[in-house]
Amino acid sequence: MVVDLELNAHARYFKFCLNMLPAEAVSQDASRMTVAHLCLVGLATLDRLNDSLSETQRASMVDWIYEQQIPRAGAYAGFRGGSLFGPHSSCTYAPANSANLAATYSALCSLLLLGDSLSRVDKRAITSAMRQLQLESGTFVPHPGTNERDPRFIYCACAISAILDDWSGVDKDAATRYIAECSNYDGGMTQARFQESHGGHLYCCVASLSLMGRLDALPDRRRTLKWALFRQSGGYHGRTNKVPDVCYSFWIGAAIEMLGGHDLVDLGAVAYFIRQCEADIGGLAKWPGYRPDPLHASLGIVGYSFCCPEKFPRMSPELLLPESVLEAHRARQTQT
């Protein structure tokens, strides 16, 4: 039996985090764009987004997001993570004033959740910049001047391309080859060749292939699904011999949805574990008895919706957005 969540408490928690981060989450202020995305996704999954924000609040949030758009200049155009260091026109701290793939993905998702048409997005500049961020190996870096490079940023590039309906910034063949090289002997997916299988990278690889229409490029889809299913021990854990963690309700749960394994999951056990991670003030924690945070709260709520889809708006496992939002966005695209 799937137990019910405290929906009102979770809606209050997400609304609170949109206005002011709790003390234990203030270190995430430089990534406020991602926090906003997570809170909006949480409210949308609870079907409380329309009731939680007034038109004035929506307009204010949309304007704030566009204020974080780095104009067409330099090596990379897109969105930055937040306004911690002031307006980008006067910010002199370069690391805080640089667009990056993760923030751009979150910004586009947030704009769609707020009902924006993306008319002010410099789409051509973003896709042009992405071409400069893809390496010869096929993976991406999030921004120039970093050594970070793994499937997380392939996913961000694919999600951005799908939302903008423009794949000119991604060499699909190269990205697909890199993902295939991340396939491990046990069926899991890794950060790079010969590393440990990890649930987060599994999601990024599977979702990227799905967005590109290339799920058949998985070397052994059956083995990959088996690896994901074997991550369940009540809730899901992300690596072999680890304890369950509520965020993998989405990372693993969404991968299983895309791989067609929904009916093979003990949904009641997953839902029960998520319920155990609820906090009295609302939100979900990483583990039972710990303090909640926006990431685990949002991903846990979406993971819970996979357990009882009849009770929640249908969520896209590939894009972490409600299907209704994506349908409205596609309808607008066909009219332009």
# chains A, B, ... in the order shown; residues from 1 in each chain; ligands from 1
>>> select_by_dssp(residues="region 133-276 of chain A", states="helix (DSSP H, G or I)", output="NGL selection string")
:A and (133 or 151-164 or 172-181 or 199-211 or 215-217 or 221-229 or 248-259 or 262-264 or 267-276)
>>> residues_around(residues="Leu18 (chain A)", least_positions_apart="5", cutoff="9 Å", atoms="only C-alpha atoms", output="NGL selection string")
:A and (13 or 32 or 35-36 or 39-40)
>>> write_last_selection(atoms="all heavy atoms", output="short mmCIF file (atom, residue, chain, number, x, y, z; two decimals), in the first residue's frame")
data_model
loop_
_atom_site.label_atom_id
_atom_site.label_comp_id
_atom_site.auth_asym_id
_atom_site.auth_seq_id
_atom_site.Cartn_x
_atom_site.Cartn_y
_atom_site.Cartn_z
N TYR A 13 6.81 24.28 2.64
CA TYR A 13 8.27 24.23 2.66
C TYR A 13 8.85 24.80 1.37
O TYR A 13 9.79 25.60 1.40
CB TYR A 13 8.73 22.79 2.86
CG TYR A 13 10.23 22.62 2.83
CD1 TYR A 13 11.00 22.93 3.94
CD2 TYR A 13 10.88 22.16 1.67
CE1 TYR A 13 12.38 22.80 3.91
CE2 TYR A 13 12.25 22.02 1.64
CZ TYR A 13 13.00 22.33 2.77
OH TYR A 13 14.37 22.21 2.73
N ARG A 32 21.26 29.61 -6.52
CA ARG A 32 19.83 29.86 -6.29
C ARG A 32 18.99 29.50 -7.51
O ARG A 32 17.81 29.16 -7.38
CB ARG A 32 19.60 31.31 -5.89
CG ARG A 32 18.18 31.61 -5.46
CD ARG A 32 18.05 33.00 -4.86
NE ARG A 32 18.55 33.05 -3.51
CZ ARG A 32 17.80 32.76 -2.45
NH1 ARG A 32 16.55 32.38 -2.60
NH2 ARG A 32 18.30 32.86 -1.24
N VAL A 35 18.08 25.99 -7.00
CA VAL A 35 17.14 25.88 -5.87
C VAL A 35 15.74 26.31 -6.32
O VAL A 35 14.74 25.65 -5.99
CB VAL A 35 17.62 26.74 -4.68
CG1 VAL A 35 16.56 26.74 -3.58
CG2 VAL A 35 18.93 26.20 -4.14
N ALA A 36 15.66 27.40 -7.08
CA ALA A 36 14.36 27.86 -7.57
C ALA A 36 13.71 26.80 -8.45
O ALA A 36 12.51 26.50 -8.32
CB ALA A 36 14.53 29.16 -8.35
N CYS A 39 12.37 23.95 -6.25
CA CYS A 39 11.16 24.31 -5.50
C CYS A 39 9.94 24.42 -6.42
O CYS A 39 8.85 23.98 -6.05
CB CYS A 39 11.38 25.63 -4.76
SG CYS A 39 12.58 25.53 -3.41
N LEU A 40 10.14 24.97 -7.60
CA LEU A 40 9.03 25.07 -8.55
C LEU A 40 8.59 23.69 -9.01
O LEU A 40 7.39 23.42 -9.15
CB LEU A 40 9.44 25.93 -9.74
CG LEU A 40 9.67 27.42 -9.47
CD1 LEU A 40 10.27 28.11 -10.68
CD2 LEU A 40 8.35 28.10 -9.07
#
>>> residues_around(residues="region 319-328 of chain A", least_positions_apart="3", cutoff="9 Å", atoms="only C-alpha atoms", output="ChimeraX atom specification")
/A:41,44-45,109,112-113,115,159,162-163,207,211,299,302,313-316,331-333
>>> closest_residue(among="A:Asn184, A:Thr139, A:Asn147, A:Thr127", to="Trp167 (chain A)", atoms="only C-alpha atoms")
A:Thr127
>>> residues_around(residues="Phe273 (chain A)", least_positions_apart="4", cutoff="10 Å", atoms="only C-alpha atoms", output="PyMOL selection string")
chain A and resi 3+233-236+244-246+249+268-269+277-278+287-288+300+304
